[in-house]
Structure formats: structure tokens, C-alpha cells
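Chemist: One structure coming up, written as C-alpha cells, with questions to follow.
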Amino acid sequence: MSQTLPALTRADIEDFLFHEADLLDNWRLADWEKLLEPDATYLIPPNEAPDSDHRTTLFTIADDRERIRQRIIRILDPNCHAEFPHSRLRRIIGNVRILSTEADLVHIQANFACWRYRRNERIREYIGQYRFILRRTPAGLRIRERRVILDAHELGSLGSVSFIL
Amino acid sequence: MPESYIIDDRDQQLFLLNREALVCADVLKAEMKNIFAKCWIYVGHGSELKSPGDFVSRRVAGRPVIFCRDQKGEVRCLFNTCRHRGALVCAERSGNKRRFMCMYHGWIYGNDGALVRVPGDEAYPDSFDATKYGLRSPARFENYRDFWFMCLDPDVIGLHEYLGPATGYIDLVIDQSPSGRMEVIGGIQEYDVAANWKLMVENSVDDYHLPATHATWLNFMANSGVKITPPKDKNLLLPTHGKAVDLGHGHFTTDNINFRGRPVAAWIPLYGEEARPEMAEIRAELVERLGDARATRVADTNRNLVIFPNLVINDGSSVTIRTFYPAAADKMHVIAWAVGPVEESASARARRLDAFLTFYGPGGFATPDDVEALEMVQQGLANWQDDPWSEMSRGMAREDEQMNSDEHHLRTFWRQWAKLMEARP
Ligand code: FES
Ligand SMILES: [Fe+2]
């Protein structure tokens with residue numbers, strides 16, 4: 001059936017990523033969750049080993065689908081002190097590329113800059129690369145793996161990653 | 001400066017901390033002299049250096065150092081400062097090298113620190129003795145079971161004596177490993193906190209804060225099938241009994257009966273049904289090797305251990321080594337590692353790392369709220385001149401054993417801190 005799928009353009013991927021960014025920046029996490037496949041993962045590896053495996057290496061975040069669900073419950077709870085009141089987030093996405101496609105899976109990468117504003121003037125910049133595996137479904141593109149690679153040499157300066165990056 | 005930073009009135013059962021200790025740059029200066037230059041400070045774990053030539057460079061108590069294994073296999077701590085005119089001789093964070101070459105004029109050092117080459121050395125007078133220009137090391141550098149510490153004071157007591165009864169608590173962690181060898185797992189977590197470093201000491205062992213600060217973690221555990229029921233005993237704040245132990249020299253630990261699951265070896269639904277048989281095996285190995293009582297100690301208690309002044313070993317949801325350094329009076333750098341038995345199976349290792357992330361680290365379900373709490377304190381402390389005292393008397397009236405949710409262990413830290421800060425050489 002993969003042969004019957006029409007060609008995917010970079011604009012399609014961009015539309016998807018811009019839409020996702022909009023949901024995340026606006027804390028519409030219930031809608032964002034609908035973009036996830038049942039086997040979706042959300043990974044932030046250590047930036048010295050961006051391709052490593054979370055089963056052998058300590059990551060910052062290595063969520064399976066259920067953990068993502070729990071993460072959303074947590075960060076929307078007013079008792080999630082690190083995100084209450086919510087950070088204001090704004091991300092810019094560029095350099096979008098389709099790396100490869102196999103059957104219904106599409107490997108893409110994009111650069112991102114995300115600014116996080118918290119009360120009391122703390123501004124943090126998260127710069128890095130998204131490496132996603134997307135799945136083409138009848139309902140549109142869905143997320144299978146979401147790997148977020150941060151560029152900062154001193155990851156410490158970023159503090160907590162208590163929102164969805 | 002106040003006459004004393006603490007009011008420790010055992011008759012009135014009152015313990016107060018002067019908040020100036022948490023905000024003033026002068027205090028930090030004095031700490032660098034009286035504490036960080038006088039105490040044993042954690043540098044790294046031997047397992048970070050697997051082969052000769054392996055090195056990591058990091059800042060320890062503000063000092064850039066190279067923690068490395070030389071060609072003979074000996075673990076070293078070298079100041080990362082060229083003996084010529086002072087440049088760092090190692091810019092990479094980790095790797096394997098026989099030699100460190102200074103990029104400025106090209107002096108070359110062996111990984112034992114010896115100066116092995118000086119370009120154009122014919123221009124130096126005959127009195128120039130290259131053997132005297134090896135990279136310097138801290139005055140003392142010793143280990144306890146591969147936990148390596150440095151001390152800048154040559155006259156300090158030995159590390160083993162310094163650690164005292166804390167060694168028993170380190171042993172308990174290491175007993176997870178059948179061969180008695182734990183290793184640092186690849187992947188470092190780092191997170192700066194805009195707060196005074198001593199707040200992290202307090203927070204690392206302060207079980208009083210768990211219900212309020214970590215309400216969402218408790219909720220997550222409940223959602224994951226781990227019932228954490230409120231205690232029936234009115235003396236308890238947390239579901240099970242826990243105590244706080246003073247280990248001397250400012251070290252202390254909590255020592256709690258587990259209620260939250262442990263990779264070695266207390267199964268909870270969060271680990272999944274499929275984990276059950278292997279965890280039963282891990283448990284059986286413990287009992288076989290250590291006997292029932294000791295196995296229970298290893299598998300069914302959680303301990304957050306503080307080695308004065310800035311090393312924390314948490315043996316809870318997973319094992320983590322955490323150390324932190326002040327960058328300013330209101331800012332610290334935190335580094336954390338995950339630790340596991342060297343012979344752990346792939347599935348057990350994966351479970352350990354997953355359990356780690358349920359609680360710890362900048363993306364964990366608990367640590368970000370700790371960071372938030374510390375930063376909220378630091379911001380609140382801007383009123384220190386108008387509201388100068390923090391209240392830390394919790395549990396002081398207790399005659400018997402001190403609870404983990406009291407502030408006895410925090411007082412232990414502050415008493416040692418005040419003693420060292422008030423010592424006038
Ligand atoms: S400063 Fe290192 S060689 Fe000159
Ligand atoms: Fe905490």
C-alpha cells in the first residue's frame with residue numbers, strides 16, 4: 001500500500017512541524033497528544049552521545065507513550081511547580097529536511113530555537129535539532145519517535161526541561 | 001556579619017539559621033577558604049576511567065582538574081593549568097590521551113602529569129629543571145572503594161577517617177553488585193540552579209518536603225499502580241518509618257523503609273509484569289550472598305547520603321551520585337550520574353535507567369520541582385535583612401530517634417558548617 005501514497009513534500013513536513021510547534025507553545029497538550037502514534041517515544045539524549053540508546057545511557061528524557069501521557073498529566077497539574085504558572089514558550093523551526101522514507105515511515109530533521117520565559121525574568125534559550133520519525137496515516141502525519149538534540153555545551157545553563165521541548 | 005550564623009538553643013529547643021549565610025558573596029568567599037579548601041571534595045568515580053589514558057576534565061570546587069588514569073593504570077587528579085603561563089592543557093571534556101599538549105606554546109605533559117617536552121628548550125637557562133614543572137596535583141587525593149576525593153589541605157585527616165561511619169552507607173550501595181563493583185553509567189545530567197549551593201544539601205535529604213513539592217510525582221506513582229497510602233501512625237508524615245542519622249564530620253543520611261520500588265530489588269507495577277521473574281532472581285542472589293537481614297537492608301531501604309560538604313549519593317528510585325559547586329552566592333552547577341552494578345543484565349540496566357528518570361534529573365518527574373523550590377527560596381531570601389532567620393527546629397523536641405521528615409540532619413550540616421566558618425585560623 002505504500003506505493004499508493006503520494007509523494008511527500010518538504011512543505012507537508014513544515015506544515016506538520018509548524019502545527020506541532022503551535023500546539024506545544026500554546027500548551028494545547030491534549031491536541032498535541034493526538035499526533036502521537038501508540039508506540040511514540042520522546043527522547044532527549046545527552047548531547048555528547050545524540051545517537052545513543054536510552055537503555056544503556058542516561059538521557060534527560062526517555063519517554064515511551066505511557067510516560068508521555070503521564071508527563072502531560074503532570075505538567076498540566078497546578079502542583080507541577082516547575083511549570084506553574086506555565087512558561088511562555090516560542091519556537092522557530094527551520095532547515096527542514098526529509099532524510100529518508102521507508103514504507104509509511106518518514107525520517108525528518110529540522111533545526112529549532114525555543115525561548116522559554118518564566119516569571120522573574122529568567123529567559124532560557126534551547127537551540128538544537130529535531131530528529132523525528134513520522135508515520136503517514138490516513139488521518140495525516142503522526143509521530144513515532146521524537147528525538148530532540150540540544151546543542152548547548154553546558155546543558156546545565158538550560159536548567160530543567162519541564163515542558164515539552 | 002552576624003556573631004553566629006546559627007542559633008542552636010537545645011534548652012529552648014530552638015534552631016535558627018541566619019539567612020545571610022545563603023545570600024552573601026562574602027560568605028561564599030569564606031566558604032571557599034574554610035570549607036572547600038579544607039574538606040575532602042568528591043572528584044569522580046574510578047569507573048569513569050576504564051583504560052589507561054582515559055580522562056575527564058571538570059571543575060571541582062572551582063578548580064579545573066583532569067581526572068585521569070595514567071599509562072600505569074594509576075588514577076590521578078591533575079590541575080588543568082599549564083606550568084608555563086597558565087593555560088588549560090586539556091579542553092575536551094573526556095577522551096583518551098597519552099599526552100596533554102598546551103595549545104599556547106606547546107609544552108607537553110604525560111598523563112601522569114610529568115612535563116615531557118618543552119619546544120625550544122635550549123633557550124632556557126641550565127638551572128631550568130623540567131622535572132620540577134609537572135602538572136600540579138591537589139595536596140591529597142584518596143579513594144574509598146573507587147570514590148575519589150581531593151583535598152587542598154595537606155594536613156587534613158585521611159579520607160577513610162573523614163568518612164567515618166558514612167563508609168557503611170557507601171558499602172550498602174555497593175552491595176547491590178555481586179562482585180562489589182558499581183559503575184557510573186554513560187550520560188551525565190547537568191542542571192544549574194539559581195540558588196545557594198547549601199539549599200541543595202538541605203533539599204537532598206529533606207523528606208519533609210515530599211508531599212508538598214512532589215505531589216505530581218506521588219500522583220504519577222498512583223497512576224502507575226504504586227499505592228502510596230498515607231501513614232496510620234500520626235508520628236509519620238510519609239507512608240513508612242524513616243530515620244535520620246548523624247554520621248559525624250557533617251555527614252548524615254536518611255534511612256527509610258522503602259515504599260516506592262527499587263531496581264535492586266523491590267518490584268512495583270511501574271516496572272511491568274515482565275520484570276518480576278528477573279527481579280526475584282536479583283533478590284535471591286542478594287539473600288544468598290548477604291543473608292536475609294543484609295539483603296533486606298540493601299533491597300528494602302532507601303537512603304539519601306550527604307558527604308559533607310557537597311556530595312550526595314541517593315539510593316532510592318535508582319542510584320545517583322550528585323555533586324554541586326557554587327558559581328555565585330545565588331547560583332550553583334549540579335552534576336548527576338546514574339550508577340549501577342557492573343554485571344547488571346541489559347534488561348536490569350534499562351529498568352534502572354528508566355526508574356532514574358521517573359524521579360531524578362532536569363526532565364524527571366520530581367527534580368524540576370526541587371529546582372523550582374530552591375529558586376523560590378532564593379528569591380524569597382531577597383528579604384533577608386528584614387526577615388533574617390530561617391526556622392529549623394523541626395523534631396528538636398524529640399527525645400528518641402530522629403525522623404527523616406524532621407530537620408535533625410539539616411541541623412547536623414549547619415552545625416558543622418558553622419563550626420568551620422567560625423574557625424579563625
Ligand atoms: S602557557 Fe602552556 S605552553 Fe605556554
Ligand atoms: Fe525533592
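Residue numbers start at 1 in each chain; chains themselves are named A, B, ... in the order of the C-alpha cells; ligands are numbered from 1 in the order shown.
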Return as a PyMOL selection string the full set of residues in stretch 240-376 of chain B whose backbone-based DSSP assignment is strand (DSSP E).
Modeler: chain B and resi 242-248+251-257+301-307+311-315+319-328+331-341
Chemist: For stretch 342-357 of chain B, please output as number ranges by chain all residues within 6 Å (counting only C-alpha atoms; exclusion window: fewer than 4 positions along the same chain).
Modeler: A: 55; B: 181-183, 263, 317-318, 364
Chemist: Using Å and a single decimal, report how far atom CA of B:Pro326 sits from atom CA of B:Asn80.
Modeler: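 Pair atom CA of B:Asn80 / atom CA of B:Pro326 returns 19.1 Å.
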Chemist: With 9 Å as the limit and counting only C-alpha atoms, what residues in chain B lie close to chain A? Please list them as a PyMOL selection string.
Modeler: chain B and resi 185-194+212-217+219-220+223-224+333-335+337-338+346-347+349-354+356-358+361-373+379
Chemist: Go ahead and write the residues just picked, C-alpha atoms, as an mmCIF file, in the first residue's frame.
Modeler:
data_model
loop_
_atom_site.group_PDB
_atom_site.id
_atom_site.type_symbol
_atom_site.label_atom_id
_atom_site.label_comp_id
_atom_site.auth_asym_id
_atom_site.auth_seq_id
_atom_site.Cartn_x
_atom_site.Cartn_y
_atom_site.Cartn_z
ATOM 1 C CA ILE B 185 26.688 4.720 33.519
ATOM 2 C CA GLY B 186 27.362 6.845 30.429
ATOM 3 C CA GLY B 187 25.434 10.096 30.134
ATOM 4 C CA ILE B 188 25.782 12.972 32.561
ATOM 5 C CA GLN B 189 22.960 15.176 33.712
ATOM 6 C CA GLU B 190 23.722 18.789 34.440
ATOM 7 C CA TYR B 191 21.425 21.498 35.651
ATOM 8 C CA ASP B 192 22.267 24.874 37.074
ATOM 9 C CA VAL B 193 20.077 26.134 39.849
ATOM 10 C CA ALA B 194 19.727 29.827 40.635
ATOM 11 C CA ALA B 212 4.007 19.248 49.045
ATOM 12 C CA THR B 213 6.780 19.629 46.496
ATOM 13 C CA HIS B 214 6.301 16.263 44.798
ATOM 14 C CA ALA B 215 2.528 15.956 44.721
ATOM 15 C CA THR B 216 2.640 15.278 40.976
ATOM 16 C CA TRP B 217 5.215 12.520 41.429
ATOM 17 C CA ASN B 219 0.143 11.180 41.594
ATOM 18 C CA PHE B 220 2.236 9.619 38.831
ATOM 19 C CA ASN B 223 -1.409 6.317 38.237
ATOM 20 C CA SER B 224 1.266 3.682 37.680
ATOM 21 C CA HIS B 333 26.164 23.947 38.998
ATOM 22 C CA VAL B 334 24.792 20.470 39.596
ATOM 23 C CA ILE B 335 26.195 17.299 38.022
ATOM 24 C CA TRP B 337 25.327 10.442 37.307
ATOM 25 C CA ALA B 338 23.461 7.164 37.333
ATOM 26 C CA ALA B 346 20.740 -5.351 29.765
ATOM 27 C CA SER B 347 17.134 -5.545 30.947
ATOM 28 C CA ARG B 349 20.166 -1.763 33.355
ATOM 29 C CA ALA B 350 17.321 -0.442 31.211
ATOM 30 C CA ARG B 351 14.941 -0.721 34.167
ATOM 31 C CA ARG B 352 17.404 1.144 36.406
ATOM 32 C CA LEU B 353 17.740 3.992 33.924
ATOM 33 C CA ASP B 354 14.006 4.186 33.397
ATOM 34 C CA PHE B 356 16.013 7.009 37.407
ATOM 35 C CA LEU B 357 14.066 9.207 35.006
ATOM 36 C CA THR B 358 10.775 8.738 36.852
ATOM 37 C CA GLY B 361 17.137 14.914 36.660
ATOM 38 C CA PRO B 362 16.175 18.006 34.678
ATOM 39 C CA GLY B 363 13.462 16.104 32.799
ATOM 40 C CA GLY B 364 12.428 13.858 35.705
ATOM 41 C CA PHE B 365 9.066 13.909 37.423
ATOM 42 C CA ALA B 366 10.458 15.256 40.710
ATOM 43 C CA THR B 367 13.781 17.100 40.322
ATOM 44 C CA PRO B 368 12.385 20.057 38.322
ATOM 45 C CA ASP B 369 10.106 20.830 41.246
ATOM 46 C CA ASP B 370 13.060 20.657 43.631
ATOM 47 C CA VAL B 371 14.888 23.115 41.415
ATOM 48 C CA GLU B 372 11.827 25.316 41.479
ATOM 49 C CA ALA B 373 11.625 25.102 45.279
ATOM 50 C CA GLN B 379 14.082 34.693 45.510
#
Chemist: Which residues are near ligand 1 in this structure, taking near to mean any atom at most 9 Å from a ligand atom and counting only C-alpha atoms and all ligand atoms? Format them as a PyMOL selection string.
Modeler: chain B and resi 81-89+101-108+118-119
Chemist: So that I can see what lies close to B:Val56, please list as a list in words the residues with an atom at most 8 Å from it, counting only C-alpha atoms and leaving out residues fewer than 2 positions away in the same chain.
Modeler: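 Listing them by chain and then by number gives Glu48, Leu49, Asp54, Arg58, Ile66, Phe67, Cys68, Glu92, Arg93, Ser94 and Gly95 of chain B.
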Chemist: Go ahead and write the residues just picked, C-alpha atoms, as a tab-separated table (two decimals), in the first residue's frame.
Modeler:
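File part_37.tsv, as written:
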chain	number	residue	atom	x	y	z
B	48	GLU	CA	34.69	6.74	34.62
B	49	LEU	CA	38.28	5.85	33.69
B	54	ASP	CA	41.09	7.76	29.88
B	58	ARG	CA	35.84	19.02	35.11
B	66	ILE	CA	41.91	16.47	34.88
B	67	PHE	CA	40.74	13.22	36.46
B	68	CYS	CA	42.59	10.51	34.58
B	92	GLU	CA	37.99	18.29	25.88
B	93	ARG	CA	35.54	17.04	28.44
B	94	SER	CA	36.55	13.42	28.15
B	95	GLY	CA	38.54	11.05	26.00
Chemist: Of the candidates B:Phe308, B:Trp267, B:Phe413, B:Tyr208, which one gets nearest to ligand 2 if we count only C-alpha atoms and all ligand atoms?
Modeler: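 Ranking B:Phe308, B:Trp267, B:Phe413, B:Tyr208 by distance to ligand 2, first place goes to B:Tyr208.
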Chemist: Please provide as a VMD selection string all residues within 6 Å of A:Arg116, with the sequence filter that same-chain residues fewer than 2 positions apart are discarded (counting only C-alpha atoms).
Modeler: chain A and resid 88 to 89 123 to 124
Chemist: Rank A:Arg97, A:Lys34, A:Arg69, A:His86 by their smallest atom-to-atom distance to A:Tyr117, using only C-alpha atoms, and report the top residue only.
Modeler: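 The closest residue to A:Tyr117 is A:His86.
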